[in-house]
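The structure appears below as structure tokens.
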Amino acid sequence: MPARTAVLSTRVLLVCAAIGVAAGLAGGIAGWVTPGVILVAPILYGFVLGVHVIPGIIAQETLRLPWVALLTHVLAALVSSAMAPQWAGRFLGTALLFGGIQELVAALTRYRVWRAWRFFISAVVIGILVAVVVALVVNLTNMPLWAQVSYLVLAVLGPVAWTAIGLLIGAQLRHAGIGRR
């Protein structure tokens, strides 16, 4: 009887690390632009925050295995924290929350459904959470109605748009053979 391959083999860990570093760089940049966005165009904050869905989406689409979203999110948060240490706690909290949501949605399908709709369910859930949490940060009630509506729409669409980008990247990585077992 052949030995069973570990789910998180060295190859899987290295792929997660590579994705985590690349996504962590994007998260670090988002961390540095966040204060300016909040001051100049706070309705875009939810969209900028949505970039943090990328690590888990790329990892799950590429590898299609349990735990890769959470692992890659944590690795990305560590890289982002090195780039923008003032946000380290938020990066790690966001990694656990977003990665946890992505793992939960995948677990609900028993890690067997990898169609785009499944990824977009987690994106909408994350977008709604982003909208609620960030509304408190930017004091949404003090904005005109058009800005409130725009903010809420962009906060939900941000993670959805970043998910679409992550799915494209993940599909290209799979096509290149990165996800092959």
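Ordering of the structure tokens sets the chain letters (A, B, ...), residue numbers begin anew at 1 in every chain, and ligands are numbered from 1 in the order given.
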Any idea what's packed within 12 Å of segment 178-181 of chain A, counting only C-alpha atoms, ignoring anything in its chain fewer than 5 positions away? Could you give it as an NGL selection string? :A and (5-16 or 18-19 or 58-65 or 68 or 169-173)
Contact check, segment 56-132 of chain A to segment 153-157 of chain A, at most 7 Å, counting only C-alpha atoms, closest pairs as a Markdown table:
| residue | atom | partner | partner_atom | distance |
| --- | --- | --- | --- | --- |
| A:Val124 | CA | A:Val156 | CA | 6.1 |
| A:Gly127 | CA | A:Val156 | CA | 3.8 |
| A:Ile128 | CA | A:Val156 | CA | 5.7 |
| A:Val130 | CA | A:Ala155 | CA | 6.2 |
| A:Ala131 | CA | A:Ala155 | CA | 5.1 |
Closest atom pairs, segment 4-58 of chain A residues within 7 Å of segment 76-91 of chain A, only C-alpha atoms, as JSON lines:
{"residue": "A:Gly20", "atom": "CA", "partner": "A:Ala76", "partner_atom": "CA", "distance": 4.1}
{"residue": "A:Val21", "atom": "CA", "partner": "A:Ala76", "partner_atom": "CA", "distance": 5.6}
{"residue": "A:Ala23", "atom": "CA", "partner": "A:Ala76", "partner_atom": "CA", "distance": 5.7}
{"residue": "A:Gly24", "atom": "CA", "partner": "A:Ala76", "partner_atom": "CA", "distance": 3.9}
{"residue": "A:Leu25", "atom": "CA", "partner": "A:Ser80", "partner_atom": "CA", "distance": 5.9}
{"residue": "A:Gly27", "atom": "CA", "partner": "A:Ser80", "partner_atom": "CA", "distance": 5.4}
{"residue": "A:Gly28", "atom": "CA", "partner": "A:Ser80", "partner_atom": "CA", "distance": 4.1}
{"residue": "A:Gly31", "atom": "CA", "partner": "A:Ala84", "partner_atom": "CA", "distance": 6.2}
{"residue": "A:Trp32", "atom": "CA", "partner": "A:Ala84", "partner_atom": "CA", "distance": 6.5}
{"residue": "A:Pro55", "atom": "CA", "partner": "A:Ala76", "partner_atom": "CA", "distance": 6.8}
Secondary structure check, alpha helix (DSSP H) residues of segment 37-179 of chain A, as number ranges by chain: A: 37-40, 45-49, 54-63, 68-83, 88-108, 116-137, 145-175
How far is it from atom CA of Val160 of chain A to atom CA of Ala123 of chain A, in Å with one decimal?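 Interatomic distance, atom CA of Val160 of chain A to atom CA of Ala123 of chain A: 5.1 Å.
Of the residues under consideration (A:Gly99, A:Pro159, A:Gly56, A:Gly46), A:Pro159 shows the shortest atom-to-atom contact distance to Ile126 of chain A when counting only C-alpha atoms.
When only C-alpha atoms are used to compute distances to Ile165 of chain A, the closest of the residues A:Ala95, A:Ala69, A:Leu75, A:Ala116 turns out to be A:Ala116.
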